[in-house]
file run.cif (mmCIF, C-alpha atoms)
data_query
loop_
_atom_site.label_atom_id
_atom_site.label_comp_id
_atom_site.auth_asym_id
_atom_site.auth_seq_id
_atom_site.Cartn_x
_atom_site.Cartn_y
_atom_site.Cartn_z
CA ALA A 1 114.26 79.16 7.36
CA LEU A 2 113.91 75.49 8.38
CA GLY A 3 110.10 75.58 8.38
CA VAL A 4 107.86 74.09 11.08
CA GLY A 5 109.03 70.56 11.87
CA VAL A 6 106.94 69.55 14.89
CA MET A 7 103.51 70.64 16.13
CA GLN A 8 101.43 69.58 19.11
CA LEU A 9 97.76 69.08 18.27
CA THR A 10 96.51 70.55 21.56
CA TYR A 11 97.99 72.11 24.69
CA ASN A 12 96.30 70.76 27.86
CA THR A 13 92.74 71.90 27.01
CA GLN A 14 90.31 71.73 24.09
CA ASN A 15 91.02 73.58 20.88
CA LEU A 16 89.77 73.44 17.29
CA VAL A 17 91.58 70.13 16.73
CA GLY A 18 90.74 68.04 19.79
CA ALA A 19 91.09 67.81 23.57
CA GLY A 20 94.15 68.23 25.77
CA CYS A 21 95.20 65.89 28.55
CA TYR A 22 93.67 68.15 31.25
CA GLU A 23 90.30 68.57 29.52
CA SER A 24 87.49 66.94 31.57
CA ASN A 25 85.99 65.19 28.54
CA ASP A 26 88.08 64.09 25.57
CA ASN A 27 85.91 63.38 22.54
CA GLY A 28 88.76 62.72 20.11
CA LEU A 29 89.85 64.53 16.95
CA SER A 30 87.35 67.03 15.57
CA ASP A 31 86.48 67.01 11.86
CA PHE A 32 88.90 69.92 11.43
CA GLY A 33 91.46 67.96 13.46
CA ARG A 34 91.41 65.17 10.88
CA ASP A 35 91.99 67.76 8.15
CA VAL A 36 94.92 69.15 10.17
CA VAL A 37 96.62 65.75 10.59
CA THR A 38 96.16 65.03 6.88
CA GLU A 39 97.78 68.37 6.02
CA MET A 40 100.66 67.84 8.51
CA ASN A 41 101.31 64.46 6.89
CA ARG A 42 101.36 66.08 3.47
CA LEU A 43 103.76 68.84 4.58
CA GLY A 44 106.02 66.53 6.60
CA ILE A 45 105.34 68.02 10.06
CA LEU A 46 105.74 65.61 13.00
CA VAL A 47 102.47 65.21 14.97
CA ASP A 48 103.29 65.65 18.69
CA LEU A 49 100.77 64.23 21.20
CA SER A 50 102.54 65.04 24.49
CA HIS A 51 99.88 67.37 25.95
CA VAL A 52 97.01 65.75 24.03
CA GLY A 53 94.13 63.82 25.63
CA PRO A 54 94.01 60.00 25.37
CA LYS A 55 91.09 59.71 22.92
CA THR A 56 92.37 62.51 20.69
CA SER A 57 95.81 60.85 20.74
CA GLU A 58 94.35 57.50 19.73
CA ASP A 59 92.38 59.09 16.89
CA ALA A 60 95.48 60.94 15.65
CA ILE A 61 97.64 57.79 15.79
CA ARG A 62 95.02 55.96 13.71
CA HIS A 63 94.46 58.82 11.27
CA SER A 64 98.10 59.74 10.62
CA THR A 65 99.84 58.03 7.70
CA LYS A 66 103.26 58.86 9.18
CA PRO A 67 104.73 57.99 12.60
CA VAL A 68 103.62 60.32 15.40
CA ALA A 69 105.21 60.95 18.80
CA TYR A 70 104.74 61.62 22.46
CA THR A 71 107.89 63.75 22.19
CA HIS A 72 108.04 64.36 25.95
CA CYS A 73 106.19 62.29 28.55
CA CYS A 74 106.70 59.80 31.38
CA PRO A 75 104.97 56.50 32.16
CA ALA A 76 101.79 56.85 34.23
CA ALA A 77 102.65 53.46 35.72
CA LEU A 78 105.45 55.21 37.68
CA LYS A 79 103.56 58.46 38.39
CA ALA A 80 99.81 58.57 37.82
CA ILE A 81 99.02 62.08 36.53
CA PRO A 82 96.92 63.02 33.47
CA ARG A 83 99.99 64.35 31.65
CA ASN A 84 101.77 60.94 31.75
CA LYS A 85 100.90 58.05 29.42
CA SER A 86 99.51 54.67 30.45
CA ASP A 87 101.22 51.43 29.45
CA ALA A 88 98.33 50.81 27.02
CA GLN A 89 98.95 54.20 25.39
CA LEU A 90 102.70 53.61 25.14
CA ARG A 91 102.10 50.15 23.66
CA PHE A 92 99.59 51.46 21.12
CA ILE A 93 101.74 54.29 19.76
CA ALA A 94 104.74 51.92 19.51
CA GLU A 95 102.72 49.25 17.71
CA GLN A 96 101.66 51.88 15.17
CA GLY A 97 105.28 52.86 14.49
CA GLY A 98 105.30 55.93 16.73
CA PHE A 99 107.90 57.37 19.08
CA ILE A 100 108.24 58.21 22.79
CA GLY A 101 110.59 60.85 24.22
CA VAL A 102 111.13 60.50 27.98
CA VAL A 103 110.89 63.59 30.19
CA ALA A 104 113.48 64.63 32.78
CA TYR A 105 111.08 66.78 34.78
CA PRO A 106 110.69 65.97 38.50
CA PRO A 107 106.91 66.53 38.83
CA PHE A 108 106.36 63.74 36.23
CA LEU A 109 108.83 61.31 37.83
CA LYS A 110 108.14 58.78 40.58
CA ARG A 111 110.08 60.53 43.35
CA GLY A 112 109.03 64.07 42.42
CA ALA A 113 111.35 66.76 43.78
CA ASP A 114 113.76 64.08 45.03
CA SER A 115 114.33 62.72 41.51
CA THR A 116 117.84 62.26 40.17
CA VAL A 117 119.26 61.26 36.80
CA GLU A 118 118.74 57.61 37.87
CA ASP A 119 114.95 58.14 37.93
CA VAL A 120 115.05 59.41 34.36
CA VAL A 121 116.88 56.26 33.26
CA GLU A 122 114.38 54.13 35.20
CA ALA A 123 111.51 55.83 33.33
CA MET A 124 113.32 55.14 30.04
CA ALA A 125 113.76 51.49 31.04
CA HIS A 126 110.01 51.20 31.70
CA VAL A 127 109.21 52.63 28.26
CA ILE A 128 111.77 50.33 26.60
CA ASP A 129 110.15 47.30 28.28
CA ILE A 130 106.91 48.23 26.52
CA ALA A 131 108.03 49.83 23.26
CA GLY A 132 111.43 48.27 22.58
CA GLU A 133 114.68 50.23 22.28
CA ASP A 134 114.21 51.53 18.72
CA GLN A 135 111.37 54.02 19.24
CA VAL A 136 112.50 55.77 22.44
CA GLY A 137 114.67 58.83 23.04
CA ILE A 138 115.34 61.86 25.21
CA GLY A 139 112.45 64.29 25.60
CA THR A 140 113.56 66.44 28.47
CA ASP A 141 110.87 69.16 28.71
CA PHE A 142 113.83 71.19 29.96
CA VAL A 143 113.26 74.88 30.69
CA GLN A 144 116.06 77.02 32.03
CA ASP A 145 116.14 80.57 33.43
CA GLN A 146 112.45 81.44 33.08
CA PRO A 147 110.56 83.50 35.69
CA ASP A 148 107.50 82.31 37.64
CA ALA A 149 105.25 84.39 35.36
CA PHE A 150 106.28 82.23 32.39
CA PHE A 151 105.15 79.06 34.17
CA ASP A 152 101.94 80.73 35.31
CA TYR A 153 101.16 81.51 31.65
CA LEU A 154 101.87 77.90 30.59
CA ARG A 155 99.65 76.43 33.26
CA ARG A 156 96.54 78.54 32.92
CA ASP A 157 93.87 77.86 30.31
CA LYS A 158 94.75 80.07 27.30
CA GLY A 159 97.47 81.77 29.36
CA SER A 160 95.23 83.66 31.78
CA GLY A 161 92.17 81.52 32.60
CA ARG A 162 91.61 78.67 35.05
CA MET A 163 94.74 77.09 36.56
CA VAL A 164 94.97 73.80 34.61
CA ALA A 165 98.30 72.18 35.54
CA ARG A 166 99.44 72.64 39.13
CA PHE A 167 103.17 71.92 39.26
CA GLY A 168 104.54 74.96 41.04
CA THR A 169 107.07 77.41 39.68
CA PRO A 170 110.85 77.81 39.87
CA SER A 171 110.54 79.53 43.24
CA THR A 172 108.45 76.71 44.76
CA THR A 173 109.45 73.52 42.89
CA ARG A 174 112.57 71.74 41.70
CA LEU A 175 112.22 71.74 37.90
CA ALA A 176 115.23 69.59 36.95
CA PRO A 177 116.48 66.34 38.53
CA GLU A 178 119.70 66.36 40.51
CA GLY A 179 122.52 65.75 38.05
CA LEU A 180 120.62 67.30 35.11
CA SER A 181 120.21 70.90 36.28
CA THR A 182 121.70 72.40 33.13
CA ILE A 183 122.23 71.29 29.55
CA GLY A 184 125.93 71.06 30.41
CA GLU A 185 125.23 68.19 32.83
CA TYR A 186 123.76 65.88 30.20
CA PRO A 187 126.81 63.63 30.05
CA ASN A 188 125.56 62.43 33.48
CA LEU A 189 122.65 60.82 31.63
CA THR A 190 125.03 58.79 29.47
CA ALA A 191 126.96 57.77 32.59
CA ALA A 192 123.75 56.62 34.33
CA MET A 193 122.84 54.49 31.29
CA MET A 194 126.31 52.93 31.37
CA ARG A 195 126.01 52.23 35.11
CA ARG A 196 122.80 50.37 34.30
CA GLY A 197 124.86 48.11 32.03
CA TRP A 198 123.20 49.11 28.77
CA SER A 199 125.15 48.39 25.57
CA GLU A 200 126.80 51.15 23.57
CA ALA A 201 124.45 50.32 20.69
CA ARG A 202 121.36 50.89 22.87
CA ILE A 203 122.78 54.06 24.41
CA ARG A 204 123.54 55.51 20.96
CA LYS A 205 119.96 54.82 19.89
CA LEU A 206 118.55 56.52 23.00
CA LEU A 207 120.87 59.53 22.80
CA GLY A 208 119.88 60.44 19.26
CA GLU A 209 119.92 57.76 16.58
CA ASN A 210 116.24 56.92 17.12
CA TRP A 211 115.26 60.60 16.92
CA LEU A 212 117.23 61.06 13.70
CA ARG A 213 115.53 58.06 12.06
CA LEU A 214 112.07 59.31 13.13
CA LEU A 215 112.65 62.81 11.78
CA GLU A 216 114.13 61.45 8.56
CA THR A 217 110.96 59.36 8.08
CA VAL A 218 108.59 62.25 8.76
CA TRP A 219 110.57 65.11 7.21
CA GLY A 220 112.25 63.18 4.40
CA ALA A 221 111.04 63.53 0.84
CA ALA B 1 78.78 101.90 22.01
CA LEU B 2 76.01 99.45 22.94
CA GLY B 3 78.42 96.58 23.80
CA VAL B 4 78.01 92.96 22.73
CA GLY B 5 74.47 91.81 23.47
CA VAL B 6 74.30 88.35 21.86
CA MET B 7 76.94 85.73 21.10
CA GLN B 8 76.72 82.27 19.57
CA LEU B 9 78.83 79.68 21.39
CA THR B 10 79.90 77.89 18.20
CA TYR B 11 79.41 78.24 14.46
CA ASN B 12 78.66 74.87 12.81
CA THR B 13 81.95 73.13 13.83
CA GLN B 14 84.03 72.62 16.98
CA ASN B 15 85.74 75.55 18.65
CA LEU B 16 87.28 76.24 22.06
CA VAL B 17 83.83 76.30 23.66
CA GLY B 18 82.06 73.24 22.25
CA ALA B 19 80.75 71.61 19.09
CA GLY B 20 78.63 73.05 16.31
CA CYS B 21 75.56 71.43 14.79
CA TYR B 22 77.56 70.07 11.80
CA GLU B 23 80.39 68.58 13.86
CA SER B 24 80.43 64.75 13.56
CA ASN B 25 80.78 64.22 17.33
CA ASP B 26 79.38 66.66 19.86
CA ASN B 27 80.94 66.16 23.29
CA GLY B 28 79.25 69.11 24.97
CA LEU B 29 80.68 72.27 26.53
CA SER B 30 84.43 72.24 27.13
CA ASP B 31 85.84 73.33 30.49
CA PHE B 32 86.62 76.71 28.90
CA GLY B 33 83.07 76.73 27.50
CA ARG B 34 81.65 76.60 31.01
CA ASP B 35 83.87 79.55 31.97
CA VAL B 36 82.60 81.42 28.89
CA VAL B 37 78.91 80.89 29.74
CA THR B 38 79.56 81.97 33.36
CA GLU B 39 81.24 85.14 32.10
CA MET B 40 78.47 85.87 29.57
CA ASN B 41 75.92 85.52 32.39
CA ARG B 42 77.95 87.94 34.51
CA LEU B 43 78.23 90.50 31.70
CA GLY B 44 74.63 90.15 30.52
CA ILE B 45 75.30 88.70 27.06
CA LEU B 46 72.56 86.49 25.61
CA VAL B 47 73.81 82.94 24.90
CA ASP B 48 72.74 82.00 21.37
CA LEU B 49 72.63 78.27 20.49
CA SER B 50 71.33 78.43 16.91
CA HIS B 51 74.37 76.85 15.19
CA VAL B 52 75.42 74.84 18.28
CA GLY B 53 75.36 71.02 18.51
CA PRO B 54 72.66 69.27 20.55
CA LYS B 55 74.86 68.10 23.46
CA THR B 56 76.70 71.43 23.74
CA SER B 57 73.30 73.18 23.66
CA GLU B 58 71.95 70.99 26.44
CA ASP B 59 75.06 71.62 28.57
CA ALA B 60 74.82 75.38 28.02
CA ILE B 61 71.10 75.45 28.87
CA ARG B 62 71.87 73.61 32.11
CA HIS B 63 74.93 75.69 32.98
CA SER B 64 73.51 79.16 32.24
CA THR B 65 71.86 81.04 35.09
CA LYS B 66 69.99 83.28 32.64
CA PRO B 67 67.60 82.35 29.80
CA VAL B 68 69.35 81.28 26.58
CA ALA B 69 68.02 81.18 23.02
CA TYR B 70 67.91 79.43 19.72
CA THR B 71 67.62 82.91 18.19
CA HIS B 72 67.08 81.53 14.67
CA CYS B 73 66.03 77.96 13.89
CA CYS B 74 63.18 75.83 12.54
CA PRO B 75 61.59 72.63 13.85
CA ALA B 76 63.35 69.45 12.70
CA ALA B 77 59.92 67.80 12.82
CA LEU B 78 59.02 69.78 9.67
CA LYS B 79 62.45 69.56 7.96
CA ALA B 80 64.99 67.08 9.30
CA ILE B 81 68.40 68.75 8.92
CA PRO B 82 71.15 69.05 11.57
CA ARG B 83 70.68 72.83 11.75
CA ASN B 84 67.01 72.50 12.86
CA LYS B 85 65.97 71.60 16.41
CA SER B 86 64.04 68.48 17.46
CA ASP B 87 60.82 68.71 19.43
CA ALA B 88 62.75 67.41 22.47
CA GLN B 89 65.30 70.23 22.11
CA LEU B 90 62.57 72.87 21.73
CA ARG B 91 60.73 71.50 24.77
CA PHE B 92 63.87 71.42 26.90
CA ILE B 93 64.97 75.01 26.19
CA ALA B 94 61.42 76.24 26.82
CA GLU B 95 61.11 74.33 30.11
CA GLN B 96 64.35 75.98 31.25
CA GLY B 97 62.98 79.46 30.50
CA GLY B 98 64.72 79.85 27.13
CA PHE B 99 63.60 81.37 23.85
CA ILE B 100 63.12 80.27 20.23
CA GLY B 101 63.29 82.59 17.20
CA VAL B 102 61.77 81.08 14.05
CA VAL B 103 63.69 81.33 10.78
CA ALA B 104 62.25 82.53 7.47
CA TYR B 105 64.86 80.79 5.33
CA PRO B 106 63.58 78.39 2.66
CA PRO B 107 66.28 75.66 3.01
CA PHE B 108 65.15 75.16 6.65
CA LEU B 109 61.42 75.12 5.86
CA LYS B 110 59.31 72.13 4.88
CA ARG B 111 58.74 73.10 1.26
CA GLY B 112 62.25 74.43 0.61
CA ALA B 113 62.48 76.78 -2.36
CA ASP B 114 58.68 76.73 -2.72
CA SER B 115 58.16 78.16 0.77
CA THR B 116 55.95 81.19 1.30
CA VAL B 117 55.16 83.36 4.27
CA GLU B 118 52.51 80.76 5.22
CA ASP B 119 55.22 78.15 5.82
CA VAL B 120 56.98 80.50 8.23
CA VAL B 121 53.77 80.91 10.23
CA GLU B 122 53.26 77.11 10.18
CA ALA B 123 56.76 76.64 11.63
CA MET B 124 55.92 79.21 14.33
CA ALA B 125 52.69 77.36 15.10
CA HIS B 126 54.64 74.12 15.56
CA VAL B 127 57.03 75.80 17.99
CA ILE B 128 54.15 77.42 19.90
CA ASP B 129 52.48 73.99 20.27
CA ILE B 130 55.63 72.84 22.11
CA ALA B 131 56.90 75.96 23.86
CA GLY B 132 53.78 78.07 24.37
CA GLU B 133 53.30 81.56 22.92
CA ASP B 134 55.43 83.52 25.43
CA GLN B 135 58.91 82.31 24.47
CA VAL B 136 58.74 82.47 20.67
CA GLY B 137 59.53 85.25 18.20
CA ILE B 138 60.84 86.17 14.77
CA GLY B 139 64.38 84.94 13.97
CA THR B 140 64.58 85.45 10.26
CA ASP B 141 68.23 84.60 9.37
CA PHE B 142 67.60 87.19 6.68
CA VAL B 143 70.53 88.16 4.44
CA GLN B 144 70.07 90.64 1.63
CA ASP B 145 72.32 91.72 -1.24
CA GLN B 146 75.35 89.52 -0.49
CA PRO B 147 77.41 87.84 -3.25
CA ASP B 148 77.95 84.07 -3.60
CA ALA B 149 81.46 84.44 -2.11
CA PHE B 150 79.93 85.58 1.19
CA PHE B 151 77.84 82.41 1.44
CA ASP B 152 80.80 80.25 0.44
CA TYR B 153 82.75 81.76 3.36
CA LEU B 154 79.89 81.11 5.80
CA ARG B 155 79.51 77.50 4.76
CA ARG B 156 83.11 76.32 4.78
CA ASP B 157 84.91 75.23 7.95
CA LYS B 158 86.73 78.35 9.24
CA GLY B 159 85.82 80.21 6.04
CA SER B 160 88.02 78.28 3.62
CA GLY B 161 88.13 74.60 4.68
CA ARG B 162 85.77 71.69 4.10
CA MET B 163 82.28 72.58 2.83
CA VAL B 164 80.13 72.13 5.95
CA ALA B 165 76.65 73.42 5.13
CA ARG B 166 75.39 72.78 1.61
CA PHE B 167 72.53 75.17 0.96
CA GLY B 168 73.50 76.79 -2.31
CA THR B 169 74.08 80.49 -2.90
CA PRO B 170 71.98 83.41 -4.15
CA SER B 171 72.63 82.40 -7.75
CA THR B 172 71.44 78.81 -7.19
CA THR B 173 68.92 78.94 -4.32
CA ARG B 174 65.93 80.98 -3.23
CA LEU B 175 67.07 82.52 0.08
CA ALA B 176 63.84 84.18 1.19
CA PRO B 177 60.27 82.86 1.07
CA GLU B 178 57.81 84.34 -1.36
CA GLY B 179 56.18 87.32 0.33
CA LEU B 180 59.22 88.02 2.54
CA SER B 181 61.89 88.84 -0.06
CA THR B 182 62.85 92.14 1.56
CA ILE B 183 62.54 93.70 4.98
CA GLY B 184 59.87 95.94 3.48
CA GLU B 185 57.58 92.94 2.96
CA TYR B 186 57.40 91.98 6.64
CA PRO B 187 53.86 93.29 7.12
CA ASN B 188 52.92 90.17 5.07
CA LEU B 189 53.97 88.10 8.09
CA THR B 190 51.51 89.94 10.32
CA ALA B 191 48.79 89.45 7.70
CA ALA B 192 49.51 85.69 7.53
CA MET B 193 49.22 85.44 11.31
CA MET B 194 45.89 87.27 11.18
CA ARG B 195 44.64 84.95 8.40
CA ARG B 196 45.45 82.06 10.73
CA GLY B 197 43.04 83.59 13.24
CA TRP B 198 45.61 84.35 15.93
CA SER B 199 44.62 86.97 18.52
CA GLU B 200 46.14 90.45 18.52
CA ALA B 201 47.68 89.67 21.92
CA ARG B 202 49.49 86.60 20.54
CA ILE B 203 50.60 88.41 17.39
CA ARG B 204 52.04 91.29 19.44
CA LYS B 205 54.01 88.79 21.52
CA LEU B 206 55.41 87.07 18.42
CA LEU B 207 56.25 90.31 16.61
CA GLY B 208 58.40 91.67 19.42
CA GLU B 209 57.03 91.70 22.95
CA ASN B 210 58.56 88.30 23.77
CA TRP B 211 61.95 89.39 22.41
CA LEU B 212 61.86 92.59 24.46
CA ARG B 213 61.07 90.70 27.67
CA LEU B 214 63.90 88.19 27.01
CA LEU B 215 66.48 90.92 26.35
CA GLU B 216 65.33 92.89 29.38
CA THR B 217 65.87 89.78 31.53
CA VAL B 218 69.33 89.03 30.13
CA TRP B 219 70.58 92.57 29.61
CA GLY B 220 68.81 94.25 32.53
CA ALA B 221 70.72 95.19 35.65
#

call {"tool": "encode", "arguments": {"input": "run.cif", "output": "structure tokens"}}
result
Amino acid sequence: ALGVGVMQLTYNTQNLVGAGCYESNDNGLSDFGRDVVTEMNRLGILVDLSHVGPKTSEDAIRHSTKPVAYTHCCPAALKAIPRNKSDAQLRFIAEQGGFIGVVAYPPFLKRGADSTVEDVVEAMAHVIDIAGEDQVGIGTDFVQDQPDAFFDYLRRDKGSGRMVARFGTPSTTRLAPEGLSTIGEYPNLTAAMMRRGWSEARIRKLLGENWLRLLETVWGA
Amino acid sequence: ALGVGVMQLTYNTQNLVGAGCYESNDNGLSDFGRDVVTEMNRLGILVDLSHVGPKTSEDAIRHSTKPVAYTHCCPAALKAIPRNKSDAQLRFIAEQGGFIGVVAYPPFLKRGADSTVEDVVEAMAHVIDIAGEDQVGIGTDFVQDQPDAFFDYLRRDKGSGRMVARFGTPSTTRLAPEGLSTIGEYPNLTAAMMRRGWSEARIRKLLGENWLRLLETVWGA
């Protein structure tokens, strides 16, 4: 009933639109990919680049006439994996009016399985240093109560091919930081921001105001 | 009942496997594309590169452990369009044990709508000069009794998107050379080869023996 509000252009590997962040060679948006971004702009669908390759992301940021987003990612400066975004990438999307949601997923955070809610706030602080506090928000990548088979499907090429993203499964890996194991624990995130001494105005922006403004811009008439 | 014997890797534009010959940027085989060629080799399916981009074709020729084919194309040296193959491309596929089928489709031939059966034999002669007479055959691209809507579907990206290949339709373009308007007229091709003074041994190869040997190699146990 609400329609499609957000779409990723690719998921880890190459598709008709472009290359994912685990594809060996990223050649940028395809001709069809440019048509897709144009049509998403026209329909008011947010372009999500979280699992998209760096060149395809850059092409999409340039081609889109509306703000785009890495809705869920972490800084590669803190944890260097292909799924995270370099400082140059974070700077570029912010300069072009785009948005960055910060992930609370241990394999993407600096201390991996030992991560706590403090590491999530540290990742947010790094992104704010680069992008300012008006284009950043929560982007948890939170998955709860799914079996190993679900993660196996996500991580293989097209669900059953080559293993593309090796991050373990619920039975082998901690998938949420200590203090953020369930949705119900999210007030701990607010508390960690307050411990860091951030102002109420900044915390309100990070907890939702920035997201609302982005979606109003992209979805609004 | 016979199974799938031949598959093209792409059709004009980018797909999960690689780029087509009308894609603006051809980045070669994707990671999934390499898996696809490996699996086609295992199953004994001929890899067809006719509508595939030059870099993706080169990657596939290198990656395949069995001979591959431009099953239907013409030399770009005689008609420079993206769908035709350069002398360097024809030489490379032949050196790697591959095969070239020569098209009898006026828009790909030197004299366009004025083409006759003689132009088809001239295109074959050009390919034989580069690839020798053992890896060349008929690859007509012959379509009979289809409405304009069928060609419109073929020529648009994914059937209904951007117009990709602009070659007209049956109501605006001559789609078969004079002397080869129907399958029934194909003995005229043999006669044109004989007029050119080619030996019976060469003509037998071109009319089918080369094709049979290729398919035996790829399909055979």

call {"tool": "interface_residues", "arguments": {"input": "run.cif", "of": "chain B", "to": "chain A", "cutoff": "10 Å", "atoms": "only C-alpha atoms", "output": "NGL selection string"}}
result
:B and (13-19 or 22-33 or 35 or 157-158 or 161-162)

call {"tool": "closest_residue", "arguments": {"input": "run.cif", "among": "B:Val36, B:Ala69, B:Leu206, B:Ala88", "to": "Ile130 (chain B)", "atoms": "only C-alpha atoms"}}
result
B:Ala88

call {"tool": "resolve_selection", "arguments": {"input": "run.cif", "expression": "the PyMOL selection byres ((chain B and resi 7) around 8)", "output": "list in words"}}
result
Val4, Gly5, Val6, Gln8, Leu9, Ile45, Leu46, Val47 and Asp48 of chain B

call {"tool": "resolve_selection", "arguments": {"input": "run.cif", "expression": "the PyMOL selection byres ((chain B and resi 134) around 8)", "output": "list in words"}}
result
Ala131, Gly132, Glu133, Gln135, Val136, Lys205, Leu206 and Asn210 of chain B

call {"tool": "resolve_selection", "arguments": {"input": "run.cif", "expression": "the PyMOL selection byres ((chain A and resi 203) around 12)", "output": "JSON, numbers by chain"}}
result
{"A": [121, 124, 125, 128, 133, 134, 136, 137, 138, 187, 189, 190, 191, 192, 193, 194, 195, 196, 197, 198, 199, 200, 201, 202, 204, 205, 206, 207, 208, 209, 210]}

call {"tool": "atom_distance", "arguments": {"input": "run.cif", "atom1": "CA of Tyr70 (chain A)", "atom2": "CA of Thr56 (chain B)"}}
result
29.7 Å

call {"tool": "residues_around", "arguments": {"input": "run.cif", "residues": "Pro170 (chain B)", "least_positions_apart": "6", "cutoff": "10 Å", "atoms": "all atoms listed in the file", "output": "number ranges by chain"}}
result
B: 143-151, 176

call {"tool": "atom_distance", "arguments": {"input": "run.cif", "atom1": "CA of Val37 (chain A)", "atom2": "CA of Gly159 (chain B)"}}
result
18.6 Å

call {"tool": "atom_distance", "arguments": {"input": "run.cif", "atom1": "CA of Thr71 (chain B)", "atom2": "CA of Gly168 (chain B)"}}
result
22.2 Å

call {"tool": "residues_near_point", "arguments": {"input": "run.cif", "point": "(103.9, 58.4, 11.9)", "cutoff": "10 Å", "atoms": "only C-alpha atoms", "output": "short mmCIF file (atom, residue, chain, number, x, y, z; two decimals) with C-alpha atoms, keeping the file's coordinate frame"}}
result
data_model
loop_
_atom_site.label_atom_id
_atom_site.label_comp_id
_atom_site.auth_asym_id
_atom_site.auth_seq_id
_atom_site.Cartn_x
_atom_site.Cartn_y
_atom_site.Cartn_z
CA ASN A 41 101.31 64.46 6.89
CA GLY A 44 106.02 66.53 6.60
CA ILE A 45 105.34 68.02 10.06
CA LEU A 46 105.74 65.61 13.00
CA VAL A 47 102.47 65.21 14.97
CA ASP A 48 103.29 65.65 18.69
CA ALA A 60 95.48 60.94 15.65
CA ILE A 61 97.64 57.79 15.79
CA ARG A 62 95.02 55.96 13.71
CA HIS A 63 94.46 58.82 11.27
CA SER A 64 98.10 59.74 10.62
CA THR A 65 99.84 58.03 7.70
CA LYS A 66 103.26 58.86 9.18
CA PRO A 67 104.73 57.99 12.60
CA VAL A 68 103.62 60.32 15.40
CA ALA A 69 105.21 60.95 18.80
CA ILE A 93 101.74 54.29 19.76
CA GLN A 96 101.66 51.88 15.17
CA GLY A 97 105.28 52.86 14.49
CA GLY A 98 105.30 55.93 16.73
CA PHE A 99 107.90 57.37 19.08
CA LEU A 214 112.07 59.31 13.13
CA LEU A 215 112.65 62.81 11.78
CA THR A 217 110.96 59.36 8.08
CA VAL A 218 108.59 62.25 8.76
#

call {"tool": "residues_around", "arguments": {"input": "run.cif", "residues": "Val120 (chain A)", "least_positions_apart": "4", "cutoff": "9 Å", "atoms": "all atoms listed in the file", "output": "JSON, numbers by chain"}}
result
{"A": [74, 102, 103, 104, 105, 106, 109, 115, 116, 124, 125, 177, 189]}

call {"tool": "closest_residue", "arguments": {"input": "run.cif", "among": "A:Ser86, A:Thr173, A:Thr38, A:Thr10", "to": "Cys73 (chain A)", "atoms": "only C-alpha atoms"}}
result
A:Ser86

call {"tool": "axis_aligned_box", "arguments": {"input": "run.cif", "around": "region 110-116 of chain A", "padding_each_side": "4 Å", "output": "lines of an AutoDock Vina configuration file"}}
result
center_x = 113.0
center_y = 62.8
center_z = 42.6
size_x = 17.7
size_y = 16.0
size_z = 12.9

call {"tool": "build_atoms", "arguments": {"input": "run.cif", "residues": "region 213-220 of chain B", "atoms": "N, CA, C and O atoms", "output": "PDB file, in the coordinates of the input"}}
result
ATOM      1  N   ARG B 213      61.031  91.197  26.288  1.00  0.00           N
ATOM      2  CA  ARG B 213      61.070  90.700  27.670  1.00  0.00           C
ATOM      3  C   ARG B 213      62.342  89.853  27.884  1.00  0.00           C
ATOM      4  O   ARG B 213      63.006  89.954  28.921  1.00  0.00           O
ATOM      5  N   LEU B 214      62.679  89.013  26.898  1.00  0.00           N
ATOM      6  CA  LEU B 214      63.900  88.190  27.010  1.00  0.00           C
ATOM      7  C   LEU B 214      65.136  89.078  27.183  1.00  0.00           C
ATOM      8  O   LEU B 214      65.957  88.863  28.095  1.00  0.00           O
ATOM      9  N   LEU B 215      65.265  90.080  26.305  1.00  0.00           N
ATOM     10  CA  LEU B 215      66.480  90.920  26.350  1.00  0.00           C
ATOM     11  C   LEU B 215      66.533  91.734  27.630  1.00  0.00           C
ATOM     12  O   LEU B 215      67.605  91.974  28.187  1.00  0.00           O
ATOM     13  N   GLU B 216      65.366  92.159  28.109  1.00  0.00           N
ATOM     14  CA  GLU B 216      65.330  92.890  29.380  1.00  0.00           C
ATOM     15  C   GLU B 216      65.842  92.000  30.508  1.00  0.00           C
ATOM     16  O   GLU B 216      66.614  92.436  31.365  1.00  0.00           O
ATOM     17  N   THR B 217      65.431  90.721  30.478  1.00  0.00           N
ATOM     18  CA  THR B 217      65.870  89.780  31.530  1.00  0.00           C
ATOM     19  C   THR B 217      67.372  89.565  31.468  1.00  0.00           C
ATOM     20  O   THR B 217      68.052  89.563  32.497  1.00  0.00           O
ATOM     21  N   VAL B 218      67.905  89.373  30.257  1.00  0.00           N
ATOM     22  CA  VAL B 218      69.330  89.030  30.130  1.00  0.00           C
ATOM     23  C   VAL B 218      70.211  90.271  30.243  1.00  0.00           C
ATOM     24  O   VAL B 218      71.267  90.241  30.870  1.00  0.00           O
ATOM     25  N   TRP B 219      69.763  91.360  29.627  1.00  0.00           N
ATOM     26  CA  TRP B 219      70.580  92.570  29.610  1.00  0.00           C
ATOM     27  C   TRP B 219      70.377  93.442  30.847  1.00  0.00           C
ATOM     28  O   TRP B 219      71.251  94.231  31.198  1.00  0.00           O
ATOM     29  N   GLY B 220      69.175  93.347  31.431  1.00  0.00           N
ATOM     30  CA  GLY B 220      68.810  94.250  32.530  1.00  0.00           C
ATOM     31  C   GLY B 220      69.740  94.124  33.715  1.00  0.00           C
ATOM     32  O   GLY B 220      70.392  93.105  33.917  1.00  0.00           O
TER      33      GLY B 220
END
